[in-house]
Amino acid sequence: MMDTYLSPIWISVRTVLTATAITFFLGIGAAHWLGRYTGRFRSIMDGIFILPMVLPPTVVGFILLVIFGRNGPIGKILMEIGVNIIFSWWATVIAAVVMAFPLMYMTTRGAFEQVEPNIKDAARTLGASEWRVFWTVTMPLAWPGVAAATVLALARTLGEFGATLMLAGNIPGRTATIPVAIYFSIQANDYQSAAVMAGIVMIFSVVALAAVSYWQRRASRSRRVIIS
């Protein structure tokens with residue numbers, strides 16, 4: 001009975017931690033780059049970054065299946081070196097990253113936009129490079145918002161179901177994350193297991209939302225201090 005709970009929990013923990021770490025850097029990089037990009041394709045790039053949020057997860061999963069499948073553009077290359085993404089643990093990570101990225105990107109971009117441009121300009125007049133301005137001025141001032149974005153992305157990776165099921169399937173002990181395990185537990189009329197795992201997800205989600213609220217209050221206090 002314990003294996004019924006422990007296996008999905010362990011797979012989800014590994015997936016969540018790995019996907020959140022990847023999403024963290026991708027989201028920050030994309031938010032910083034697009035914040036400085038002024039080309040004609042800015043709106044298009046912004047729409048592409050947000051697209052997984054508005055598409056049904058099964059559609060996102062289908063697109064990933066096409067891309068990473070044996071006949072897909074990336075799948076073919078990986079197959080030549082003996083790597084198969086479909087129905088592997090890495091498929092759960094990729095699906096989680098794609099679905100959580102819009103939250104990380106949008107919230108981080110908003111945090112960066114809240115940083116006073118005059119403060120960054122002052123650092124530049126003192127001779128700081130753009131790289132140093134970003135890490136010593138922008139990131140510290142935007143950190144409460146970035147932290148909130150990270151927590152939201154982490155919660156999203158834990159709750160990912162549709163794209164994961166399409167790309168990774170349901171392989172016990174390998175790709176069966178908590179949401180996938182809940183779905184198939186209900187299909188098997190094992191409501192007790194489904195209730196226990198659903199409770200775990202709900203508790204974590206409440207904690208995540210409380211953390212986001214805390215970081216938002218902290219960000220608001222930080223802005224008031226800067227303005228004063």
# chains A, B, ... in the order shown; residues from 1 in each chain; ligands from 1
>>> select_by_dssp(residues="region 21-213 of chain A", states="helix (DSSP H, G or I)", output="ChimeraX atom specification")
/A:21-36,42-54,57-68,73-80,89-113,117-125,130-159,162-168,178-187,191-213
>>> write_last_selection(atoms="C-alpha atoms", output="compact mmCIF listing (two decimals), in the first residue's frame")
# COMPACT_ATOMS: atom_id res chain seq x y z
CA ALA A 21 15.29 24.69 -11.47
CA ILE A 22 15.18 24.68 -15.29
CA THR A 23 12.13 26.95 -15.40
CA PHE A 24 13.77 29.37 -12.96
CA PHE A 25 16.70 30.13 -15.24
CA LEU A 26 14.70 29.98 -18.48
CA GLY A 27 12.03 32.32 -17.11
CA ILE A 28 14.53 34.85 -15.76
CA GLY A 29 16.54 34.77 -18.98
CA ALA A 30 13.47 35.20 -21.18
CA ALA A 31 12.01 37.99 -19.01
CA HIS A 32 15.30 39.90 -18.96
CA TRP A 33 15.91 39.47 -22.69
CA LEU A 34 12.43 40.45 -23.80
CA GLY A 35 12.47 43.38 -21.39
CA ARG A 36 15.39 44.82 -23.35
CA ARG A 42 8.47 41.55 -29.48
CA SER A 43 4.71 40.93 -29.35
CA ILE A 44 5.06 37.67 -31.27
CA MET A 45 7.79 36.40 -28.92
CA ASP A 46 5.72 37.42 -25.90
CA GLY A 47 2.75 35.50 -27.29
CA ILE A 48 4.86 32.40 -27.92
CA PHE A 49 6.20 32.46 -24.35
CA ILE A 50 2.68 32.70 -22.92
CA LEU A 51 1.02 30.29 -25.37
CA PRO A 52 1.21 27.13 -23.18
CA MET A 53 -0.88 28.93 -20.58
CA VAL A 54 -3.85 29.45 -22.91
CA PRO A 57 -2.66 20.89 -21.82
CA THR A 58 -3.51 18.01 -24.14
CA VAL A 59 -2.76 20.23 -27.14
CA VAL A 60 0.58 21.19 -25.61
CA GLY A 61 1.25 17.51 -24.97
CA PHE A 62 0.42 16.66 -28.57
CA ILE A 63 2.79 19.35 -29.86
CA LEU A 64 5.55 18.03 -27.61
CA LEU A 65 4.79 14.51 -28.81
CA VAL A 66 5.23 15.66 -32.40
CA ILE A 67 8.48 17.49 -31.59
CA PHE A 68 10.09 14.76 -29.48
CA PRO A 73 12.69 17.39 -35.50
CA ILE A 74 14.28 16.93 -32.08
CA GLY A 75 13.24 13.31 -31.63
CA LYS A 76 15.12 12.22 -34.74
CA ILE A 77 18.33 13.82 -33.56
CA LEU A 78 18.03 12.28 -30.11
CA MET A 79 17.25 8.85 -31.53
CA GLU A 80 20.48 8.96 -33.53
CA TRP A 89 11.13 10.37 -16.79
CA TRP A 90 12.62 13.27 -18.72
CA ALA A 91 9.32 13.54 -20.57
CA THR A 92 7.65 14.45 -17.27
CA VAL A 93 10.27 17.14 -16.72
CA ILE A 94 9.90 18.61 -20.21
CA ALA A 95 6.10 18.70 -19.95
CA ALA A 96 6.30 20.37 -16.53
CA VAL A 97 8.82 22.96 -17.72
CA VAL A 98 6.75 23.92 -20.75
CA MET A 99 3.55 24.28 -18.73
CA ALA A 100 5.17 26.19 -15.83
CA PHE A 101 7.31 28.50 -17.96
CA PRO A 102 4.57 31.08 -18.75
CA LEU A 103 3.90 31.66 -15.04
CA MET A 104 7.60 32.09 -14.29
CA TYR A 105 8.14 34.33 -17.28
CA MET A 106 5.11 36.60 -16.79
CA THR A 107 5.55 37.09 -13.04
CA THR A 108 9.29 37.66 -13.35
CA ARG A 109 8.82 40.13 -16.20
CA GLY A 110 6.34 42.05 -14.05
CA ALA A 111 8.84 42.09 -11.17
CA PHE A 112 11.59 43.42 -13.45
CA GLU A 113 9.28 46.15 -14.79
CA PRO A 117 14.80 52.70 -14.29
CA ASN A 118 16.51 55.64 -12.57
CA ILE A 119 18.22 53.30 -10.12
CA LYS A 120 19.63 51.21 -12.96
CA ASP A 121 20.68 54.34 -14.83
CA ALA A 122 22.50 55.56 -11.74
CA ALA A 123 24.45 52.30 -11.60
CA ARG A 124 25.36 52.64 -15.26
CA THR A 125 26.65 56.19 -14.76
CA GLU A 130 24.75 45.67 -17.99
CA TRP A 131 25.58 42.27 -16.50
CA ARG A 132 26.51 43.83 -13.18
CA VAL A 133 23.46 46.10 -13.19
CA PHE A 134 21.25 43.07 -13.65
CA TRP A 135 22.78 40.99 -10.85
CA THR A 136 23.47 43.75 -8.32
CA VAL A 137 20.52 46.07 -8.91
CA THR A 138 17.67 44.49 -10.87
CA MET A 139 17.68 41.03 -9.30
CA PRO A 140 17.92 42.14 -5.64
CA LEU A 141 15.11 44.68 -6.09
CA ALA A 142 12.94 42.29 -8.07
CA TRP A 143 13.73 39.26 -5.93
CA PRO A 144 10.42 39.13 -3.98
CA GLY A 145 8.55 38.95 -7.28
CA VAL A 146 11.01 36.42 -8.71
CA ALA A 147 10.62 34.29 -5.59
CA ALA A 148 6.83 34.42 -5.94
CA ALA A 149 7.18 33.41 -9.59
CA THR A 150 9.35 30.46 -8.58
CA VAL A 151 6.81 29.25 -6.04
CA LEU A 152 4.00 29.52 -8.59
CA ALA A 153 6.07 27.63 -11.15
CA LEU A 154 6.86 24.95 -8.58
CA ALA A 155 3.18 24.52 -7.74
CA ARG A 156 2.33 24.36 -11.44
CA THR A 157 4.87 21.63 -12.08
CA LEU A 158 3.39 19.57 -9.24
CA GLY A 159 -0.12 19.86 -10.67
CA GLY A 162 -2.50 16.70 -19.38
CA ALA A 163 0.79 17.32 -21.17
CA THR A 164 2.55 14.82 -18.92
CA LEU A 165 0.07 12.08 -19.73
CA MET A 166 0.43 12.75 -23.46
CA LEU A 167 4.23 12.83 -23.49
CA ALA A 168 5.23 10.54 -20.62
CA ILE A 178 0.88 12.32 -8.41
CA PRO A 179 -1.76 13.86 -10.76
CA VAL A 180 -1.43 10.94 -13.18
CA ALA A 181 -1.63 8.45 -10.30
CA ILE A 182 -4.76 10.17 -8.98
CA TYR A 183 -6.47 9.90 -12.35
CA PHE A 184 -5.72 6.20 -12.78
CA SER A 185 -6.56 5.45 -9.14
CA ILE A 186 -10.04 6.83 -9.76
CA GLN A 187 -10.26 4.81 -12.96
CA TYR A 191 -10.69 6.30 -4.14
CA GLN A 192 -8.68 6.01 -0.93
CA SER A 193 -5.35 6.33 -2.73
CA ALA A 194 -6.72 9.13 -4.88
CA ALA A 195 -7.95 11.01 -1.80
CA VAL A 196 -4.62 10.71 0.01
CA MET A 197 -2.61 11.96 -2.97
CA ALA A 198 -5.14 14.71 -3.70
CA GLY A 199 -4.81 15.83 -0.08
CA ILE A 200 -1.03 16.05 -0.46
CA VAL A 201 -1.39 18.23 -3.54
CA MET A 202 -3.97 20.46 -1.85
CA ILE A 203 -1.81 20.98 1.25
CA PHE A 204 1.19 21.85 -0.87
CA SER A 205 -0.88 24.24 -3.00
CA VAL A 206 -2.16 26.09 0.08
CA VAL A 207 1.40 26.45 1.38
CA ALA A 208 2.55 27.67 -2.04
CA LEU A 209 -0.22 30.28 -2.23
CA ALA A 210 0.62 31.47 1.29
CA ALA A 211 4.27 31.81 0.24
CA VAL A 212 3.29 33.83 -2.84
CA SER A 213 1.15 36.13 -0.69
>>> closest_residue(among="A:Ala19, A:Leu55, A:Ile81, A:Ile86", to="Thr175 (chain A)", atoms="only C-alpha atoms")
A:Ile86
>>> residues_around(residues="Gly173 (chain A)", least_positions_apart="5", cutoff="8 Å", atoms="only C-alpha atoms", output="VMD selection string")
chain A and resid 7 to 8 11
>>> atom_distance(atom1="CA of Val16 (chain A)", atom2="CA of Tyr214 (chain A)")
21.3 Å
>>> closest_residue(among="A:Thr20, A:Ile85, A:Pro56, A:Ile171", to="Gly69 (chain A)", atoms="only C-alpha atoms")
A:Ile85
